[in-house]
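Worksheet: one structure, shown below.
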Amino acid sequence: MLGWFLRGASSRIRTTRYPHEGDSSTGITPGRPVATQFSHSRAADTAATACPTGAITAHEHSAEVDLSRCVHCMACSRGEAAMKWQNDFNWASLSGPQALKTTQPFKKSLHIRLVDSGSCDAVIQEIKQLAKPYYNMHRLGFFITPTPRHADVLMITGPVTSHMRLALKKTYDAMPRPKWVIAVGNCAISGCVFAPSFMAASAVSSVIPVDVQVPGCPPPPLAILHGLLVLTGRAPAMQPTTPPVTEVAS
């Protein structure tokens, strides 16, 4: 036991330097397919057919990707009609016409209330990594709070199941203003493979307004950190993965 302690004390805690420096560590991201040009339309059709979730749309000589439905299975990256694959993690984008009018109050610290509205727990496991030594989100001023009354931001995972719909609305209403919402993971953004259905909404944005969305199934921890940095105005946003929902269900 003493040997393990001395080894840990001598090697020190190793924390990513993101966002001050890039991070290319092994396994830091599953990567993602990106829009790809093909020499003939048959290849685009083949790439779209290979996708089990319908995330790829074929055009005459190209294929586009809806990242909010991609499960990173890499089926589209194999064979002659392979999609281009990009190993990045800055995926967060703004969502909705009212997104982030101002983030000045949150330049130094941000308190987050996490709500699982019906996920498979994969995204939750990635979020948990943020509080551990390698990602250490506290160094950037991000903290999880157990109550919505102390929260600046509501972070939501999973499609909104029927049982969680009212609870989610009450949590949002209990937050003080100004307040923002981050939808993390494809289920929260589009419903992915679980919604819309008889037991879940199509997206969080159909229930409450969403300001930032972080796609992925699940998104890696650095992608979630990127979403928080976008929220605080410390990082540029990517293009939205899905059209914003402007109407919120009553």
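The chains in the structure tokens are called A, B, ... from first to last as shown; in each chain the residues are counted from 1, and the ligands are counted from 1 in the order shown.
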Check your understanding: Near Cys70 in chain A, counting only C-alpha atoms, which residues have an atom at most 12 Å away, once you skip same-chain residues fewer than 4 positions from it, shown as a ChimeraX atom specification?
Key -> /A:30-34,48,50-57,64-66,74-76,185-187,189-193,215-219,241-242
Review point. Which residue gives the smallest distance to Ser93 in chain A among A:Ala58, A:Ile182, A:Ile208, A:Ala81, with only C-alpha atoms counted?
Key: A:Ile182
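Restricting the calculation to only C-alpha atoms, the smallest distance between Ile144 in chain A and any of A:Thr232, A:Thr171, A:Ser109, A:Asn87 is found for A:Ser109.
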Study note, to complete from the structure: Counting only C-alpha atoms, the residue among A:Phe194, A:His163, A:Asp88, A:Val71 that lies closest to Thr26 in chain A is A:Asp88
Revision key, fill the gap. As a check of understanding: the span from CA of Asn90 in chain A to CA of Thr16 in chain A is 14.9 Å
Check your understanding: Looking only at the backbone, which of the residues in range 52-85 of chain A does DSSP tag as helix (DSSP H, G or I), as an MDAnalysis selection string?
Key -> chainID A and resid 67:69 75:77
From a DSSP calculation on the backbone, collect every residue of range 112-206 of chain A in strand (DSSP E) and output the set as a PDB file with N, CA and C atoms, in the first residue's frame.
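Result file states-v4.pdb:
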```pdb
ATOM      1  N   ILE A 112     -24.229  24.088 -11.603  1.00  0.00           N
ATOM      2  CA  ILE A 112     -24.988  23.250 -12.530  1.00  0.00           C
ATOM      3  C   ILE A 112     -25.866  22.275 -11.766  1.00  0.00           C
ATOM      4  N   ARG A 113     -27.124  22.221 -12.138  1.00  0.00           N
ATOM      5  CA  ARG A 113     -28.032  21.192 -11.631  1.00  0.00           C
ATOM      6  C   ARG A 113     -28.188  20.145 -12.720  1.00  0.00           C
ATOM      7  N   LEU A 114     -27.830  18.908 -12.415  1.00  0.00           N
ATOM      8  CA  LEU A 114     -27.897  17.823 -13.380  1.00  0.00           C
ATOM      9  C   LEU A 114     -29.203  17.053 -13.215  1.00  0.00           C
ATOM     10  N   VAL A 115     -29.909  16.836 -14.332  1.00  0.00           N
ATOM     11  CA  VAL A 115     -31.164  16.083 -14.314  1.00  0.00           C
ATOM     12  C   VAL A 115     -31.094  14.977 -15.366  1.00  0.00           C
ATOM     13  N   ASP A 116     -31.308  13.749 -14.935  1.00  0.00           N
ATOM     14  CA  ASP A 116     -31.427  12.615 -15.850  1.00  0.00           C
ATOM     15  C   ASP A 116     -32.906  12.433 -16.144  1.00  0.00           C
ATOM     16  N   PHE A 142     -16.503  25.422 -12.715  1.00  0.00           N
ATOM     17  CA  PHE A 142     -17.758  24.700 -12.917  1.00  0.00           C
ATOM     18  C   PHE A 142     -18.013  23.779 -11.732  1.00  0.00           C
ATOM     19  N   PHE A 143     -19.222  23.858 -11.166  1.00  0.00           N
ATOM     20  CA  PHE A 143     -19.554  23.089  -9.975  1.00  0.00           C
ATOM     21  C   PHE A 143     -20.963  22.511 -10.092  1.00  0.00           C
ATOM     22  N   ILE A 144     -21.144  21.295  -9.583  1.00  0.00           N
ATOM     23  CA  ILE A 144     -22.458  20.661  -9.543  1.00  0.00           C
ATOM     24  C   ILE A 144     -23.139  21.043  -8.232  1.00  0.00           C
ATOM     25  N   VAL A 153     -27.342  26.857 -14.310  1.00  0.00           N
ATOM     26  CA  VAL A 153     -27.547  26.086 -15.539  1.00  0.00           C
ATOM     27  C   VAL A 153     -28.188  24.754 -15.212  1.00  0.00           C
ATOM     28  N   LEU A 154     -29.118  24.347 -16.057  1.00  0.00           N
ATOM     29  CA  LEU A 154     -29.736  23.029 -15.957  1.00  0.00           C
ATOM     30  C   LEU A 154     -29.135  22.155 -17.046  1.00  0.00           C
ATOM     31  N   MET A 155     -28.425  21.095 -16.643  1.00  0.00           N
ATOM     32  CA  MET A 155     -27.815  20.160 -17.587  1.00  0.00           C
ATOM     33  C   MET A 155     -28.671  18.899 -17.625  1.00  0.00           C
ATOM     34  N   ILE A 156     -29.158  18.537 -18.818  1.00  0.00           N
ATOM     35  CA  ILE A 156     -30.136  17.459 -18.939  1.00  0.00           C
ATOM     36  C   ILE A 156     -29.610  16.369 -19.858  1.00  0.00           C
ATOM     37  N   THR A 157     -29.808  15.120 -19.444  1.00  0.00           N
ATOM     38  CA  THR A 157     -29.453  13.965 -20.265  1.00  0.00           C
ATOM     39  C   THR A 157     -30.696  13.117 -20.502  1.00  0.00           C
ATOM     40  N   TRP A 180     -29.932  29.077 -17.753  1.00  0.00           N
ATOM     41  CA  TRP A 180     -29.729  28.491 -19.069  1.00  0.00           C
ATOM     42  C   TRP A 180     -29.838  26.976 -18.995  1.00  0.00           C
ATOM     43  N   VAL A 181     -30.011  26.354 -20.163  1.00  0.00           N
ATOM     44  CA  VAL A 181     -30.207  24.909 -20.246  1.00  0.00           C
ATOM     45  C   VAL A 181     -29.228  24.322 -21.261  1.00  0.00           C
ATOM     46  N   ILE A 182     -28.568  23.237 -20.860  1.00  0.00           N
ATOM     47  CA  ILE A 182     -27.694  22.488 -21.768  1.00  0.00           C
ATOM     48  C   ILE A 182     -28.269  21.086 -21.946  1.00  0.00           C
ATOM     49  N   ALA A 183     -28.537  20.708 -23.181  1.00  0.00           N
ATOM     50  CA  ALA A 183     -28.964  19.339 -23.503  1.00  0.00           C
ATOM     51  C   ALA A 183     -27.728  18.551 -23.900  1.00  0.00           C
ATOM     52  N   VAL A 184     -27.406  17.510 -23.126  1.00  0.00           N
ATOM     53  CA  VAL A 184     -26.170  16.743 -23.338  1.00  0.00           C
ATOM     54  C   VAL A 184     -26.517  15.342 -23.833  1.00  0.00           C
TER      55      VAL A 184
END
```
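Each of A:His111, A:Arg165, A:Lys170, A:Arg177 was compared to His150 in chain A using only C-alpha atoms, and A:His111 turns out to be the nearest.
Closest approach to Phe198 in chain A among A:Leu231, A:Val160, A:Cys120, A:Ala131 is made by A:Val160 (distances from only C-alpha atoms).
One distance worth recording is that between CA of Gln125 in chain A and CA of Ala223 in chain A, which is 13.5 Å.
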